[in-house]
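File shown: structure-v4.cif. Contents: mmCIF, N, CA and C atoms.
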```cif
data_final
#
loop_
_atom_site.label_atom_id
_atom_site.label_comp_id
_atom_site.auth_asym_id
_atom_site.auth_seq_id
_atom_site.Cartn_x
_atom_site.Cartn_y
_atom_site.Cartn_z
N MET A 1111 14.28 53.82 94.85
CA MET A 1111 13.83 53.36 93.55
C MET A 1111 13.39 54.58 92.73
N GLU A 1112 14.11 54.83 91.68
CA GLU A 1112 13.82 55.99 90.84
C GLU A 1112 12.79 55.64 89.77
N GLU A 1113 12.21 56.68 89.20
CA GLU A 1113 11.31 56.51 88.06
C GLU A 1113 12.16 56.61 86.80
N MET A 1114 12.24 55.51 86.04
CA MET A 1114 13.05 55.49 84.82
C MET A 1114 12.42 54.60 83.78
N ASN A 1115 12.68 54.92 82.52
CA ASN A 1115 12.29 54.04 81.43
C ASN A 1115 13.55 53.39 80.85
N TYR A 1116 13.37 52.52 79.86
CA TYR A 1116 14.48 51.77 79.27
C TYR A 1116 15.57 52.71 78.74
N TYR A 1117 15.19 53.72 77.99
CA TYR A 1117 16.16 54.67 77.42
C TYR A 1117 16.97 55.33 78.52
N GLN A 1118 16.32 55.77 79.57
CA GLN A 1118 17.01 56.44 80.67
C GLN A 1118 17.99 55.51 81.39
N ILE A 1119 17.61 54.24 81.54
CA ILE A 1119 18.50 53.27 82.17
C ILE A 1119 19.76 53.09 81.33
N ILE A 1120 19.60 52.90 80.01
CA ILE A 1120 20.76 52.71 79.13
C ILE A 1120 21.64 53.95 79.16
N LYS A 1121 21.04 55.12 79.08
CA LYS A 1121 21.80 56.37 79.12
C LYS A 1121 22.60 56.49 80.41
N LEU A 1122 22.00 56.14 81.53
CA LEU A 1122 22.67 56.20 82.82
C LEU A 1122 23.82 55.20 82.89
N PHE A 1123 23.60 53.98 82.39
CA PHE A 1123 24.67 52.99 82.35
C PHE A 1123 25.84 53.49 81.50
N LYS A 1124 25.53 54.09 80.36
CA LYS A 1124 26.58 54.60 79.49
C LYS A 1124 27.39 55.70 80.20
N GLU A 1125 26.70 56.65 80.80
CA GLU A 1125 27.39 57.75 81.49
C GLU A 1125 28.29 57.22 82.60
N ARG A 1126 27.76 56.33 83.41
CA ARG A 1126 28.53 55.81 84.55
C ARG A 1126 29.67 54.91 84.10
N SER A 1127 29.45 54.14 83.04
CA SER A 1127 30.51 53.27 82.53
C SER A 1127 31.66 54.07 81.96
N LEU A 1128 31.35 55.07 81.15
CA LEU A 1128 32.40 55.85 80.51
C LEU A 1128 33.16 56.75 81.48
N LYS A 1129 32.61 56.99 82.65
CA LYS A 1129 33.33 57.73 83.69
C LYS A 1129 34.34 56.86 84.42
N HIS A 1130 34.18 55.54 84.30
CA HIS A 1130 35.07 54.63 85.01
C HIS A 1130 36.46 54.64 84.36
N PRO A 1131 37.52 54.67 85.15
CA PRO A 1131 38.87 54.77 84.57
C PRO A 1131 39.32 53.55 83.76
N PHE A 1132 38.66 52.40 83.94
CA PHE A 1132 39.04 51.19 83.21
C PHE A 1132 38.16 50.93 81.99
N VAL A 1133 37.36 51.91 81.57
CA VAL A 1133 36.45 51.72 80.44
C VAL A 1133 36.70 52.78 79.38
N ASN A 1134 36.89 52.34 78.13
CA ASN A 1134 37.11 53.26 77.01
C ASN A 1134 35.94 53.32 76.04
N SER A 1135 35.09 52.28 76.01
CA SER A 1135 33.99 52.22 75.05
C SER A 1135 32.77 51.62 75.71
N PHE A 1136 31.61 51.95 75.15
CA PHE A 1136 30.33 51.43 75.65
C PHE A 1136 29.48 51.02 74.46
N TYR A 1137 28.88 49.83 74.53
CA TYR A 1137 28.03 49.33 73.45
C TYR A 1137 26.74 48.77 74.05
N THR A 1138 25.69 48.76 73.23
CA THR A 1138 24.40 48.29 73.71
C THR A 1138 23.99 46.93 73.17
N ASP A 1139 24.89 46.25 72.49
CA ASP A 1139 24.61 44.87 72.10
C ASP A 1139 25.91 44.14 71.83
N ILE A 1140 25.86 42.83 71.95
CA ILE A 1140 27.04 41.98 71.82
C ILE A 1140 27.58 42.00 70.40
N TYR A 1141 26.73 42.28 69.41
CA TYR A 1141 27.15 42.27 68.02
C TYR A 1141 28.09 43.43 67.69
N SER A 1142 28.12 44.42 68.56
CA SER A 1142 29.03 45.56 68.35
C SER A 1142 30.49 45.14 68.41
N VAL A 1143 30.79 44.04 69.08
CA VAL A 1143 32.18 43.61 69.19
C VAL A 1143 32.46 42.32 68.43
N THR A 1144 31.56 41.93 67.56
CA THR A 1144 31.80 40.70 66.81
C THR A 1144 32.12 40.94 65.34
N GLY A 1145 31.85 42.11 64.81
CA GLY A 1145 32.06 42.31 63.40
C GLY A 1145 33.09 43.35 63.02
N ARG A 1146 33.38 44.29 63.89
CA ARG A 1146 34.30 45.36 63.54
C ARG A 1146 35.30 45.60 64.66
N GLU A 1147 35.96 44.53 65.07
CA GLU A 1147 36.84 44.57 66.22
C GLU A 1147 37.96 45.60 66.10
N SER A 1148 38.41 45.90 64.90
CA SER A 1148 39.50 46.86 64.73
C SER A 1148 39.10 48.26 65.15
N ASP A 1149 37.80 48.54 65.19
CA ASP A 1149 37.30 49.86 65.59
C ASP A 1149 37.11 50.01 67.10
N ILE A 1150 37.27 48.95 67.85
CA ILE A 1150 36.93 48.98 69.27
C ILE A 1150 38.11 49.49 70.09
N ASN A 1151 37.82 50.42 70.95
CA ASN A 1151 38.81 50.97 71.87
C ASN A 1151 38.63 50.25 73.21
N TYR A 1152 39.37 49.15 73.38
CA TYR A 1152 39.25 48.34 74.60
C TYR A 1152 39.90 49.07 75.78
N PRO A 1153 39.48 48.73 76.98
CA PRO A 1153 38.39 47.86 77.40
C PRO A 1153 37.02 48.50 77.17
N ALA A 1154 36.02 47.61 77.04
CA ALA A 1154 34.67 48.07 76.73
C ALA A 1154 33.66 47.46 77.70
N ILE A 1155 32.58 48.20 77.90
CA ILE A 1155 31.41 47.68 78.61
C ILE A 1155 30.31 47.49 77.57
N ILE A 1156 29.66 46.33 77.65
CA ILE A 1156 28.55 46.01 76.75
C ILE A 1156 27.35 45.68 77.63
N ILE A 1157 26.23 46.30 77.34
CA ILE A 1157 25.00 45.99 78.06
C ILE A 1157 24.03 45.34 77.08
N THR A 1158 23.53 44.17 77.45
CA THR A 1158 22.55 43.48 76.61
C THR A 1158 21.27 43.27 77.41
N PRO A 1159 20.14 43.63 76.84
CA PRO A 1159 18.88 43.48 77.56
C PRO A 1159 18.42 42.03 77.60
N ASN A 1160 17.79 41.67 78.70
CA ASN A 1160 17.12 40.38 78.84
C ASN A 1160 15.64 40.65 79.02
N GLU A 1161 15.00 39.90 79.86
CA GLU A 1161 13.56 40.04 80.08
C GLU A 1161 13.21 41.31 80.85
N PHE A 1162 12.13 41.96 80.43
CA PHE A 1162 11.58 43.11 81.15
C PHE A 1162 10.17 42.74 81.62
N VAL A 1163 9.87 43.10 82.85
CA VAL A 1163 8.53 42.89 83.39
C VAL A 1163 7.97 44.28 83.70
N ILE A 1164 6.97 44.69 82.93
CA ILE A 1164 6.41 46.03 83.06
C ILE A 1164 5.09 45.94 83.81
N ASN A 1165 5.03 46.58 84.94
CA ASN A 1165 3.82 46.63 85.76
C ASN A 1165 3.61 48.07 86.21
N ASN A 1166 2.46 48.33 86.78
CA ASN A 1166 2.21 49.62 87.42
C ASN A 1166 2.16 49.39 88.92
N PRO A 1167 2.88 50.08 89.73
CA PRO A 1167 3.76 51.19 89.39
C PRO A 1167 5.23 50.78 89.28
N ILE A 1168 5.54 49.47 89.38
CA ILE A 1168 6.92 48.98 89.43
C ILE A 1168 7.23 48.16 88.18
N SER A 1169 8.43 48.36 87.62
CA SER A 1169 8.89 47.55 86.49
C SER A 1169 10.25 46.97 86.82
N THR A 1170 10.54 45.80 86.24
CA THR A 1170 11.81 45.12 86.46
C THR A 1170 12.52 44.96 85.11
N PHE A 1171 13.77 45.40 85.06
CA PHE A 1171 14.60 45.29 83.86
C PHE A 1171 15.80 44.39 84.18
N ASN A 1172 16.00 43.38 83.34
CA ASN A 1172 17.14 42.47 83.51
C ASN A 1172 18.13 42.70 82.38
N PHE A 1173 19.41 42.79 82.75
CA PHE A 1173 20.48 43.05 81.78
C PHE A 1173 21.67 42.15 82.05
N ASN A 1174 22.44 41.88 80.99
CA ASN A 1174 23.79 41.35 81.14
C ASN A 1174 24.74 42.52 80.93
N ILE A 1175 25.72 42.65 81.82
CA ILE A 1175 26.74 43.69 81.73
C ILE A 1175 28.06 42.98 81.52
N LEU A 1176 28.71 43.24 80.38
CA LEU A 1176 29.98 42.60 80.06
C LEU A 1176 31.12 43.61 80.13
N TYR A 1177 32.24 43.19 80.70
CA TYR A 1177 33.50 43.92 80.62
C TYR A 1177 34.38 43.09 79.69
N VAL A 1178 34.87 43.70 78.62
CA VAL A 1178 35.63 42.99 77.59
C VAL A 1178 36.94 43.72 77.33
N ASP A 1179 38.04 42.97 77.31
CA ASP A 1179 39.34 43.54 76.96
C ASP A 1179 40.12 42.52 76.14
N ARG A 1180 41.01 43.02 75.33
CA ARG A 1180 41.81 42.17 74.43
C ARG A 1180 42.97 41.54 75.20
N MET A 1181 43.16 40.24 75.01
CA MET A 1181 44.29 39.54 75.62
C MET A 1181 45.55 39.77 74.79
N THR A 1182 46.69 39.57 75.42
CA THR A 1182 47.96 39.60 74.69
C THR A 1182 48.05 38.33 73.85
N GLU A 1183 48.97 38.30 72.90
CA GLU A 1183 49.09 37.13 72.03
C GLU A 1183 49.35 35.85 72.81
N ASP A 1184 50.12 35.93 73.89
CA ASP A 1184 50.40 34.74 74.70
C ASP A 1184 49.27 34.40 75.68
N ARG A 1185 48.27 35.25 75.75
CA ARG A 1185 47.07 35.06 76.59
C ARG A 1185 47.40 35.01 78.09
N LEU A 1186 48.55 35.48 78.49
CA LEU A 1186 48.95 35.42 79.89
C LEU A 1186 48.28 36.47 80.76
N ASN A 1187 47.59 37.42 80.14
CA ASN A 1187 46.93 38.47 80.92
C ASN A 1187 45.43 38.21 81.14
N SER A 1188 44.95 37.02 80.84
CA SER A 1188 43.52 36.75 80.94
C SER A 1188 43.01 36.88 82.37
N ILE A 1189 43.75 36.38 83.36
CA ILE A 1189 43.29 36.47 84.75
C ILE A 1189 43.29 37.92 85.22
N GLU A 1190 44.27 38.70 84.80
CA GLU A 1190 44.30 40.12 85.14
C GLU A 1190 43.08 40.84 84.56
N ILE A 1191 42.76 40.54 83.29
CA ILE A 1191 41.58 41.15 82.65
C ILE A 1191 40.31 40.73 83.38
N GLN A 1192 40.19 39.45 83.70
CA GLN A 1192 39.00 38.96 84.40
C GLN A 1192 38.85 39.63 85.76
N SER A 1193 39.95 39.76 86.49
CA SER A 1193 39.92 40.41 87.80
C SER A 1193 39.50 41.87 87.68
N THR A 1194 40.07 42.57 86.70
CA THR A 1194 39.69 43.96 86.45
C THR A 1194 38.23 44.06 86.05
N GLY A 1195 37.77 43.10 85.26
CA GLY A 1195 36.37 43.07 84.85
C GLY A 1195 35.42 42.91 86.02
N ILE A 1196 35.75 42.00 86.93
CA ILE A 1196 34.91 41.80 88.12
C ILE A 1196 34.85 43.10 88.92
N GLN A 1197 36.00 43.71 89.15
CA GLN A 1197 36.06 44.96 89.92
C GLN A 1197 35.29 46.08 89.24
N THR A 1198 35.50 46.24 87.94
CA THR A 1198 34.85 47.33 87.19
C THR A 1198 33.34 47.16 87.17
N ILE A 1199 32.87 45.96 86.86
CA ILE A 1199 31.42 45.72 86.84
C ILE A 1199 30.83 45.98 88.21
N ASN A 1200 31.48 45.49 89.24
CA ASN A 1200 30.98 45.70 90.60
C ASN A 1200 30.89 47.18 90.93
N GLU A 1201 31.91 47.95 90.58
CA GLU A 1201 31.90 49.38 90.87
C GLU A 1201 30.81 50.12 90.09
N ILE A 1202 30.61 49.78 88.83
CA ILE A 1202 29.56 50.42 88.03
C ILE A 1202 28.18 50.07 88.58
N ILE A 1203 27.96 48.80 88.86
CA ILE A 1203 26.65 48.37 89.37
C ILE A 1203 26.39 48.99 90.74
N ASN A 1204 27.41 49.11 91.56
CA ASN A 1204 27.22 49.69 92.90
C ASN A 1204 26.77 51.14 92.85
N THR A 1205 26.99 51.84 91.75
CA THR A 1205 26.51 53.22 91.65
C THR A 1205 24.98 53.27 91.58
N PHE A 1206 24.36 52.12 91.28
CA PHE A 1206 22.90 52.05 91.22
C PHE A 1206 22.28 51.72 92.58
N GLU A 1207 23.11 51.42 93.57
CA GLU A 1207 22.65 51.13 94.93
C GLU A 1207 21.52 50.09 94.93
N LEU A 1208 21.79 48.94 94.32
CA LEU A 1208 20.79 47.87 94.25
C LEU A 1208 20.59 47.23 95.61
N ASP A 1209 19.37 46.79 95.86
CA ASP A 1209 19.06 46.09 97.11
C ASP A 1209 19.25 44.59 96.97
N ASN A 1210 19.47 44.12 95.76
CA ASN A 1210 19.59 42.68 95.54
C ASN A 1210 21.01 42.33 95.09
N SER A 1211 21.37 41.07 95.23
CA SER A 1211 22.70 40.61 94.82
C SER A 1211 22.70 40.30 93.31
N PHE A 1212 23.88 40.08 92.78
CA PHE A 1212 24.02 39.71 91.38
C PHE A 1212 25.20 38.76 91.24
N THR A 1213 25.22 38.02 90.15
CA THR A 1213 26.31 37.08 89.91
C THR A 1213 27.21 37.61 88.81
N ILE A 1214 28.49 37.27 88.91
CA ILE A 1214 29.47 37.62 87.88
C ILE A 1214 30.18 36.34 87.46
N ASN A 1215 30.27 36.11 86.16
CA ASN A 1215 31.03 35.00 85.60
C ASN A 1215 32.18 35.56 84.77
N ILE A 1216 33.21 34.76 84.58
CA ILE A 1216 34.36 35.19 83.77
C ILE A 1216 34.41 34.38 82.48
N PHE A 1217 35.13 34.92 81.49
CA PHE A 1217 35.31 34.22 80.22
C PHE A 1217 36.66 34.59 79.61
N LYS A 1218 37.10 33.79 78.66
CA LYS A 1218 38.30 34.13 77.87
C LYS A 1218 38.18 33.46 76.51
N ASP A 1219 39.05 33.90 75.59
CA ASP A 1219 39.05 33.38 74.22
C ASP A 1219 37.72 33.60 73.52
N GLN A 1220 37.13 34.77 73.71
CA GLN A 1220 35.87 35.12 73.07
C GLN A 1220 36.08 36.20 72.02
N PHE A 1221 35.24 36.22 71.04
CA PHE A 1221 35.23 37.21 69.97
C PHE A 1221 36.46 37.06 69.07
N ALA A 1222 36.45 37.72 67.95
CA ALA A 1222 37.54 37.61 66.98
C ALA A 1222 38.85 38.20 67.49
N ASP A 1223 38.76 39.16 68.42
CA ASP A 1223 39.97 39.78 68.96
C ASP A 1223 40.59 39.00 70.11
N LEU A 1224 40.11 37.80 70.39
CA LEU A 1224 40.58 37.00 71.52
C LEU A 1224 40.56 37.81 72.80
N CYS A 1225 39.37 38.02 73.28
CA CYS A 1225 39.16 38.82 74.47
C CYS A 1225 38.89 37.95 75.69
N ALA A 1226 39.07 38.56 76.84
CA ALA A 1226 38.69 37.98 78.12
C ALA A 1226 37.86 39.02 78.85
N GLY A 1227 37.24 38.60 79.95
CA GLY A 1227 36.47 39.57 80.71
C GLY A 1227 35.55 38.92 81.70
N ALA A 1228 34.51 39.67 82.04
CA ALA A 1228 33.53 39.22 83.02
C ALA A 1228 32.15 39.66 82.57
N VAL A 1229 31.14 38.94 83.04
CA VAL A 1229 29.76 39.26 82.70
C VAL A 1229 28.89 39.09 83.95
N ALA A 1230 28.02 40.06 84.18
CA ALA A 1230 27.09 40.01 85.32
C ALA A 1230 25.67 40.07 84.80
N ASN A 1231 24.79 39.40 85.52
CA ASN A 1231 23.36 39.50 85.24
C ASN A 1231 22.76 40.29 86.39
N ILE A 1232 22.11 41.41 86.04
CA ILE A 1232 21.54 42.25 87.09
C ILE A 1232 20.05 42.48 86.85
N GLU A 1233 19.39 42.82 87.93
CA GLU A 1233 17.97 43.13 87.89
C GLU A 1233 17.78 44.52 88.49
N LEU A 1234 17.23 45.43 87.69
CA LEU A 1234 16.92 46.77 88.17
C LEU A 1234 15.41 46.89 88.36
N ILE A 1235 15.02 47.31 89.53
CA ILE A 1235 13.60 47.51 89.83
C ILE A 1235 13.40 49.02 89.94
N VAL A 1236 12.51 49.54 89.09
CA VAL A 1236 12.29 50.99 89.02
C VAL A 1236 10.80 51.29 89.04
N ARG A 1237 10.50 52.54 89.33
CA ARG A 1237 9.12 52.99 89.21
C ARG A 1237 8.81 53.13 87.72
N ASN A 1238 7.64 52.73 87.35
CA ASN A 1238 7.21 52.81 85.96
C ASN A 1238 6.74 54.24 85.68
N PRO A 1239 7.38 54.95 84.74
CA PRO A 1239 6.98 56.33 84.46
C PRO A 1239 5.71 56.46 83.64
N VAL A 1240 5.17 55.34 83.15
CA VAL A 1240 3.96 55.39 82.34
C VAL A 1240 2.78 55.66 83.26
N GLY A 1241 1.94 56.59 82.85
CA GLY A 1241 0.80 56.97 83.67
C GLY A 1241 -0.19 55.85 83.87
N TYR A 1242 -0.97 55.99 84.90
CA TYR A 1242 -2.02 55.03 85.20
C TYR A 1242 -3.33 55.79 85.33
N CYS A 1243 -4.36 55.30 84.71
CA CYS A 1243 -5.65 55.98 84.72
C CYS A 1243 -6.46 55.53 85.93
N TYR A 1244 -7.03 56.50 86.64
CA TYR A 1244 -7.77 56.20 87.86
C TYR A 1244 -9.27 56.48 87.73
N GLU A 1245 -9.83 56.44 86.55
CA GLU A 1245 -11.26 56.66 86.35
C GLU A 1245 -12.05 55.47 86.89
N GLU A 1246 -13.20 55.73 87.47
CA GLU A 1246 -14.03 54.66 88.01
C GLU A 1246 -14.62 53.79 86.90
N ASN A 1247 -15.04 54.41 85.82
CA ASN A 1247 -15.63 53.70 84.70
C ASN A 1247 -14.53 53.39 83.69
N GLU A 1248 -14.40 52.13 83.32
CA GLU A 1248 -13.32 51.72 82.41
C GLU A 1248 -13.39 52.45 81.07
N ASN A 1249 -14.60 52.71 80.54
CA ASN A 1249 -14.73 53.41 79.28
C ASN A 1249 -14.23 54.86 79.41
N ASP A 1250 -14.52 55.51 80.54
CA ASP A 1250 -14.00 56.87 80.77
C ASP A 1250 -12.49 56.86 80.85
N CYS A 1251 -11.96 55.83 81.45
CA CYS A 1251 -10.51 55.73 81.58
C CYS A 1251 -9.86 55.66 80.20
N LEU A 1252 -10.39 54.80 79.35
CA LEU A 1252 -9.81 54.64 78.02
C LEU A 1252 -9.96 55.93 77.22
N LYS A 1253 -11.09 56.58 77.34
CA LYS A 1253 -11.33 57.83 76.60
C LYS A 1253 -10.42 58.94 77.11
N ASN A 1254 -10.26 59.07 78.42
CA ASN A 1254 -9.47 60.17 79.01
C ASN A 1254 -7.97 59.93 78.97
N CYS A 1255 -7.55 58.70 78.80
CA CYS A 1255 -6.12 58.40 78.85
C CYS A 1255 -5.51 58.21 77.47
N GLU A 1256 -6.28 58.41 76.42
CA GLU A 1256 -5.74 58.23 75.07
C GLU A 1256 -4.82 59.34 74.70
#
```
Take the structure in the file and write it out as structure tokens.
Amino acid sequence: MEEMNYYQIIKLFKERSLKHPFVNSFYTDIYSVTGRESDINYPAIIITPNEFVINNPISTFNFNILYVDRMTEDRLNSIEIQSTGIQTINEIINTFELDNSFTINIFKDQFADLCAGAVANIELIVRNPVGYCYEENENDCLKNCE
């Protein structure tokens, strides 16, 4: 379990996703592929944040990870895209060496570009990099930790 904050997690996901041979683009929200589809270099990975639980010294970050690719006009490649999406998401997530399992669902006919793909919900448990004050007196703690 590494010490990471939200920014570092997103940066790491981006680096690992863009190194994957089946990924051409990376986005940090679903709206990136809903309004300017002509600019998207498919296939793409999209990470969307869910609930975060911040504690000391451990924090939990929940994300949806989407693999999205454009279907052909006849839509006959949707199962191939979904299969590639499952494989790609699994390979990217496995680089994080998670101790817990995750689920992957498939989709098709989504977004204006008629895309198919897969989506996983994952939970990352990391050390919280925010300091913790160990003063005996609470007032000293607040004064010394400001």
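The interatomic distance for the pair CA of Thr1182 in chain A and CA of Ile1199 in chain A works out to 21.4 Å.
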With the PyMOL selection byres (((chain A and resi 1180 and name CA) around 6) and name CA) as the selection, what would be picked from this file? Answer as an MDAnalysis selection string, please. chainID A and resid 1179 1181 1225
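Atom to atom, atom C of Gln1197 in chain A and atom N of Asn1115 in chain A stand 25.2 Å apart.
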Residues returned when the PyMOL selection byres ((chain A and resi 1236) around 8) runs on this file, as a ChimeraX atom specification: /A:1111-1115,1167-1171,1233-1235,1237-1239
Explicit residues for the PyMOL selection byres ((chain A and resi 1155) around 5) (as a PyMOL selection string): chain A and resi 1135-1137+1153-1154+1156-1157+1176-1177
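Look at everything within 7 Å of (23.0, 46.5, 76.6) using all atoms listed in the file, and the residues you get are Tyr1137, Thr1138, Asp1139, Ile1140, Ile1156, Ile1157, Thr1158, Pro1159, Phe1173, Asn1174 and Ile1175 of chain A.
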If you count all atoms listed in the file, which residues fall within 8 Å of Gly1227 in chain A, apart from same-chain ones fewer than 5 positions away, as a list of chain:residue names? A:Leu1176, A:Tyr1177, A:Val1178, A:Asp1179, A:Arg1180, A:Met1181, A:Ser1188, A:Ile1189, A:Glu1190, A:Ile1191, A:Gln1192, A:Ser1193, A:Thr1194, A:Gly1195, A:Ile1196, A:Asn1215, A:Ile1216, A:Phe1217, A:Lys1218, A:Asp1219, A:Gln1220
Interatomic distance between CA of Lys1124 in chain A and CA of Leu1224 in chain A? 23.9 Å
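Restricting the calculation to only N, CA and C atoms, the smallest distance between Ile1214 in chain A and any of A:Asn1231, A:Asn1151, A:Gln1118, A:Thr1198 is found for A:Asn1231.
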Rank A:Val1163, A:Ser1127, A:Phe1221, A:Ala1228 by their smallest atom-to-atom distance to Glu1201 in chain A, using only C-alpha atoms, and report the top residue only. A:Ser1127
Could you tell me which of A:Ala1222, A:Ile1202, A:Glu1183, A:Phe1162 comes closest to His1130 in chain A if we count all atoms listed in the file? A:Ile1202
Go through chain A and collect every residue that DSSP, computed from the backbone, puts in alpha helix (DSSP H); the answer should be as a short mmCIF file (atom, residue, chain, number, x, y, z; two decimals) with N, CA and C atoms, in the coordinates of the input.
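Written file, result.cif:
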```
data_model
loop_
_atom_site.label_atom_id
_atom_site.label_comp_id
_atom_site.auth_asym_id
_atom_site.auth_seq_id
_atom_site.Cartn_x
_atom_site.Cartn_y
_atom_site.Cartn_z
N TYR A 1116 13.37 52.52 79.86
CA TYR A 1116 14.48 51.77 79.27
C TYR A 1116 15.57 52.71 78.74
N TYR A 1117 15.19 53.72 77.99
CA TYR A 1117 16.16 54.67 77.42
C TYR A 1117 16.97 55.33 78.52
N GLN A 1118 16.32 55.77 79.57
CA GLN A 1118 17.01 56.44 80.67
C GLN A 1118 17.99 55.51 81.39
N ILE A 1119 17.61 54.24 81.54
CA ILE A 1119 18.50 53.27 82.17
C ILE A 1119 19.76 53.09 81.33
N ILE A 1120 19.60 52.90 80.01
CA ILE A 1120 20.76 52.71 79.13
C ILE A 1120 21.64 53.95 79.16
N LYS A 1121 21.04 55.12 79.08
CA LYS A 1121 21.80 56.37 79.12
C LYS A 1121 22.60 56.49 80.41
N LEU A 1122 22.00 56.14 81.53
CA LEU A 1122 22.67 56.20 82.82
C LEU A 1122 23.82 55.20 82.89
N PHE A 1123 23.60 53.98 82.39
CA PHE A 1123 24.67 52.99 82.35
C PHE A 1123 25.84 53.49 81.50
N LYS A 1124 25.53 54.09 80.36
CA LYS A 1124 26.58 54.60 79.49
C LYS A 1124 27.39 55.70 80.20
N GLU A 1125 26.70 56.65 80.80
CA GLU A 1125 27.39 57.75 81.49
C GLU A 1125 28.29 57.22 82.60
N ARG A 1126 27.76 56.33 83.41
CA ARG A 1126 28.53 55.81 84.55
C ARG A 1126 29.67 54.91 84.10
N SER A 1127 29.45 54.14 83.04
CA SER A 1127 30.51 53.27 82.53
C SER A 1127 31.66 54.07 81.96
N LEU A 1128 31.35 55.07 81.15
CA LEU A 1128 32.40 55.85 80.51
C LEU A 1128 33.16 56.75 81.48
N LYS A 1129 32.61 56.99 82.65
CA LYS A 1129 33.33 57.73 83.69
C LYS A 1129 34.34 56.86 84.42
N SER A 1188 44.95 37.02 80.84
CA SER A 1188 43.52 36.75 80.94
C SER A 1188 43.01 36.88 82.37
N ILE A 1189 43.75 36.38 83.36
CA ILE A 1189 43.29 36.47 84.75
C ILE A 1189 43.29 37.92 85.22
N GLU A 1190 44.27 38.70 84.80
CA GLU A 1190 44.30 40.12 85.14
C GLU A 1190 43.08 40.84 84.56
N ILE A 1191 42.76 40.54 83.29
CA ILE A 1191 41.58 41.15 82.65
C ILE A 1191 40.31 40.73 83.38
N GLN A 1192 40.19 39.45 83.70
CA GLN A 1192 39.00 38.96 84.40
C GLN A 1192 38.85 39.63 85.76
N SER A 1193 39.95 39.76 86.49
CA SER A 1193 39.92 40.41 87.80
C SER A 1193 39.50 41.87 87.68
N THR A 1194 40.07 42.57 86.70
CA THR A 1194 39.69 43.96 86.45
C THR A 1194 38.23 44.06 86.05
N GLY A 1195 37.77 43.10 85.26
CA GLY A 1195 36.37 43.07 84.85
C GLY A 1195 35.42 42.91 86.02
N ILE A 1196 35.75 42.00 86.93
CA ILE A 1196 34.91 41.80 88.12
C ILE A 1196 34.85 43.10 88.92
N GLN A 1197 36.00 43.71 89.15
CA GLN A 1197 36.06 44.96 89.92
C GLN A 1197 35.29 46.08 89.24
N THR A 1198 35.50 46.24 87.94
CA THR A 1198 34.85 47.33 87.19
C THR A 1198 33.34 47.16 87.17
N ILE A 1199 32.87 45.96 86.86
CA ILE A 1199 31.42 45.72 86.84
C ILE A 1199 30.83 45.98 88.21
N ASN A 1200 31.48 45.49 89.24
CA ASN A 1200 30.98 45.70 90.60
C ASN A 1200 30.89 47.18 90.93
N GLU A 1201 31.91 47.95 90.58
CA GLU A 1201 31.90 49.38 90.87
C GLU A 1201 30.81 50.12 90.09
N ILE A 1202 30.61 49.78 88.83
CA ILE A 1202 29.56 50.42 88.03
C ILE A 1202 28.18 50.07 88.58
N ILE A 1203 27.96 48.80 88.86
CA ILE A 1203 26.65 48.37 89.37
C ILE A 1203 26.39 48.99 90.74
N ASN A 1204 27.41 49.11 91.56
CA ASN A 1204 27.22 49.69 92.90
C ASN A 1204 26.77 51.14 92.85
N GLU A 1248 -14.40 52.13 83.32
CA GLU A 1248 -13.32 51.72 82.41
C GLU A 1248 -13.39 52.45 81.07
N ASN A 1249 -14.60 52.71 80.54
CA ASN A 1249 -14.73 53.41 79.28
C ASN A 1249 -14.23 54.86 79.41
N ASP A 1250 -14.52 55.51 80.54
CA ASP A 1250 -14.00 56.87 80.77
C ASP A 1250 -12.49 56.86 80.85
N CYS A 1251 -11.96 55.83 81.45
CA CYS A 1251 -10.51 55.73 81.58
C CYS A 1251 -9.86 55.66 80.20
N LEU A 1252 -10.39 54.80 79.35
CA LEU A 1252 -9.81 54.64 78.02
C LEU A 1252 -9.96 55.93 77.22
N LYS A 1253 -11.09 56.58 77.34
CA LYS A 1253 -11.33 57.83 76.60
C LYS A 1253 -10.42 58.94 77.11
N ASN A 1254 -10.26 59.07 78.42
CA ASN A 1254 -9.47 60.17 79.01
C ASN A 1254 -7.97 59.93 78.97
#
```
